[in-house]
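Colleague: Encoded as structure tokens, here's the structure I'll be asking about.
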Amino acid sequence: MCMQCVTGAAIAATASATGLRAWLGTRRKRPLSPRLLKLITAMIVTAGVIAAGLQV
């Protein structure tokens, strides 16, 4: 995978992870801990980059 493709995939994964993280943070009655939100973000970004790599 070329570096330009990796960069595009990483930016798209980070943007969707940020939006999903914000959505998850507001949908619960009890707020998520900062540590759990970081873990969720890392998992979403990793899954997005892997999925983008498999598409090429």
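Residues are named by chain letter and number: chains run A, B, ... in the order of the structure tokens, numbers start at 1 in each chain, and ligands are numbered from 1 in the order shown.
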Name all residues at most 7 Å from range 6-21 of chain A (count only C-alpha atoms; drop same-chain ones fewer than 3 positions away) and give them as a list in words.

Modeller: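 These residues fall inside the cut-off: Met1, Cys2, Met3, Leu24, Gly25, Leu37, Thr41, Ile44, Val45, Gly48, Val49 and Ala52 of chain A.
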
Colleague: Those selected residues, please, written with C-alpha atoms and delivered as a PDB file, in the first residue's frame.

Modeller:
```
ATOM      1  CA  MET A   1       0.000   0.000   0.000  1.00  0.00           C
ATOM      2  CA  CYS A   2       1.440   3.385  -0.970  1.00  0.00           C
ATOM      3  CA  MET A   3       2.015   6.077   1.630  1.00  0.00           C
ATOM      4  CA  LEU A  24     -20.820   7.167  22.393  1.00  0.00           C
ATOM      5  CA  GLY A  25     -19.906   9.726  25.030  1.00  0.00           C
ATOM      6  CA  LEU A  37     -12.855   6.463  25.462  1.00  0.00           C
ATOM      7  CA  THR A  41     -10.833   5.331  19.779  1.00  0.00           C
ATOM      8  CA  ILE A  44     -11.860   2.061  15.896  1.00  0.00           C
ATOM      9  CA  VAL A  45      -8.807   3.650  14.240  1.00  0.00           C
ATOM     10  CA  GLY A  48     -10.460   1.346  10.022  1.00  0.00           C
ATOM     11  CA  VAL A  49      -6.854   1.232   8.854  1.00  0.00           C
ATOM     12  CA  ALA A  52      -8.789   0.161   4.280  1.00  0.00           C
TER      13      ALA A  52
END
```

Colleague: So which residues of chain A fall under alpha helix (DSSP H) by DSSP, listed as number ranges by chain?

Modeller: A: 3-26, 34-55

Colleague: Could you write those residues out with N, CA and C atoms, as a compact mmCIF listing (two decimals), in the first residue's frame?

Modeller:
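Output file part_10.txt is given in full below:
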```txt
# COMPACT_ATOMS: atom_id res chain seq x y z
N MET A 3 2.10 5.18 0.47
CA MET A 3 2.02 6.08 1.63
C MET A 3 0.83 7.03 1.51
N GLN A 4 0.51 7.44 0.31
CA GLN A 4 -0.62 8.33 0.11
C GLN A 4 -1.93 7.62 0.49
N CYS A 5 -2.05 6.36 0.13
CA CYS A 5 -3.25 5.59 0.49
C CYS A 5 -3.33 5.38 1.99
N VAL A 6 -2.21 5.10 2.61
CA VAL A 6 -2.19 4.90 4.07
C VAL A 6 -2.60 6.19 4.78
N THR A 7 -2.11 7.31 4.31
CA THR A 7 -2.45 8.59 4.93
C THR A 7 -3.94 8.87 4.80
N GLY A 8 -4.49 8.64 3.62
CA GLY A 8 -5.92 8.85 3.43
C GLY A 8 -6.75 7.95 4.31
N ALA A 9 -6.35 6.71 4.43
CA ALA A 9 -7.08 5.76 5.28
C ALA A 9 -6.97 6.16 6.75
N ALA A 10 -5.81 6.60 7.17
CA ALA A 10 -5.63 6.99 8.56
C ALA A 10 -6.46 8.23 8.91
N ILE A 11 -6.52 9.18 7.99
CA ILE A 11 -7.30 10.39 8.24
C ILE A 11 -8.79 10.05 8.30
N ALA A 12 -9.26 9.21 7.38
CA ALA A 12 -10.67 8.82 7.39
C ALA A 12 -11.01 8.03 8.65
N ALA A 13 -10.13 7.13 9.06
CA ALA A 13 -10.38 6.34 10.26
C ALA A 13 -10.40 7.21 11.51
N THR A 14 -9.50 8.17 11.57
CA THR A 14 -9.45 9.06 12.73
C THR A 14 -10.68 9.94 12.80
N ALA A 15 -11.13 10.45 11.65
CA ALA A 15 -12.32 11.30 11.64
C ALA A 15 -13.56 10.52 12.08
N SER A 16 -13.71 9.31 11.57
CA SER A 16 -14.88 8.52 11.99
C SER A 16 -14.76 8.08 13.43
N ALA A 17 -13.56 7.81 13.90
CA ALA A 17 -13.39 7.42 15.30
C ALA A 17 -13.74 8.57 16.22
N THR A 18 -13.37 9.78 15.83
CA THR A 18 -13.67 10.95 16.66
C THR A 18 -15.18 11.16 16.75
N GLY A 19 -15.86 11.04 15.62
CA GLY A 19 -17.31 11.21 15.62
C GLY A 19 -18.01 10.12 16.42
N LEU A 20 -17.57 8.88 16.24
CA LEU A 20 -18.18 7.77 16.98
C LEU A 20 -17.90 7.89 18.47
N ARG A 21 -16.71 8.33 18.80
CA ARG A 21 -16.35 8.51 20.22
C ARG A 21 -17.24 9.58 20.86
N ALA A 22 -17.47 10.68 20.15
CA ALA A 22 -18.34 11.74 20.67
C ALA A 22 -19.77 11.24 20.81
N TRP A 23 -20.23 10.46 19.84
CA TRP A 23 -21.58 9.93 19.89
C TRP A 23 -21.74 8.98 21.08
N LEU A 24 -20.76 8.10 21.26
CA LEU A 24 -20.82 7.17 22.39
C LEU A 24 -20.79 7.90 23.73
N GLY A 25 -20.02 8.97 23.79
CA GLY A 25 -19.91 9.73 25.03
C GLY A 25 -21.19 10.42 25.44
N THR A 26 -22.06 10.74 24.46
CA THR A 26 -23.30 11.46 24.79
C THR A 26 -24.50 10.55 24.88
N PRO A 34 -12.34 8.54 30.69
CA PRO A 34 -11.40 8.95 29.63
C PRO A 34 -10.55 7.78 29.13
N ARG A 35 -10.19 6.88 30.01
CA ARG A 35 -9.39 5.72 29.61
C ARG A 35 -10.16 4.82 28.64
N LEU A 36 -11.43 4.59 28.95
CA LEU A 36 -12.25 3.75 28.08
C LEU A 36 -12.48 4.42 26.73
N LEU A 37 -12.68 5.74 26.73
CA LEU A 37 -12.85 6.46 25.46
C LEU A 37 -11.59 6.38 24.60
N LYS A 38 -10.42 6.46 25.22
CA LYS A 38 -9.18 6.32 24.47
C LYS A 38 -9.04 4.92 23.89
N LEU A 39 -9.42 3.92 24.66
CA LEU A 39 -9.35 2.54 24.19
C LEU A 39 -10.31 2.32 23.01
N ILE A 40 -11.51 2.84 23.12
CA ILE A 40 -12.49 2.74 22.04
C ILE A 40 -11.96 3.42 20.78
N THR A 41 -11.38 4.60 20.92
CA THR A 41 -10.83 5.33 19.78
C THR A 41 -9.71 4.54 19.12
N ALA A 42 -8.83 3.99 19.91
CA ALA A 42 -7.71 3.21 19.36
C ALA A 42 -8.22 1.99 18.60
N MET A 43 -9.23 1.33 19.14
CA MET A 43 -9.78 0.15 18.47
C MET A 43 -10.45 0.53 17.14
N ILE A 44 -11.18 1.63 17.12
CA ILE A 44 -11.86 2.06 15.90
C ILE A 44 -10.85 2.47 14.83
N VAL A 45 -9.83 3.23 15.21
CA VAL A 45 -8.81 3.65 14.24
C VAL A 45 -8.07 2.43 13.68
N THR A 46 -7.71 1.51 14.54
CA THR A 46 -7.01 0.29 14.09
C THR A 46 -7.88 -0.51 13.12
N ALA A 47 -9.13 -0.69 13.47
CA ALA A 47 -10.03 -1.44 12.58
C ALA A 47 -10.21 -0.73 11.25
N GLY A 48 -10.30 0.59 11.26
CA GLY A 48 -10.46 1.35 10.02
C GLY A 48 -9.26 1.25 9.11
N VAL A 49 -8.07 1.33 9.67
CA VAL A 49 -6.85 1.23 8.85
C VAL A 49 -6.70 -0.18 8.29
N ILE A 50 -7.00 -1.19 9.10
CA ILE A 50 -6.92 -2.57 8.61
C ILE A 50 -7.95 -2.80 7.49
N ALA A 51 -9.16 -2.29 7.68
CA ALA A 51 -10.19 -2.46 6.65
C ALA A 51 -9.80 -1.75 5.37
N ALA A 52 -9.21 -0.57 5.47
CA ALA A 52 -8.79 0.16 4.28
C ALA A 52 -7.66 -0.59 3.57
N GLY A 53 -6.79 -1.21 4.34
CA GLY A 53 -5.69 -1.98 3.74
C GLY A 53 -6.18 -3.23 3.02
N LEU A 54 -7.26 -3.80 3.52
CA LEU A 54 -7.79 -5.01 2.88
C LEU A 54 -8.54 -4.70 1.58
N GLN A 55 -9.03 -3.49 1.44
CA GLN A 55 -9.78 -3.11 0.25
C GLN A 55 -8.88 -2.93 -0.97
```
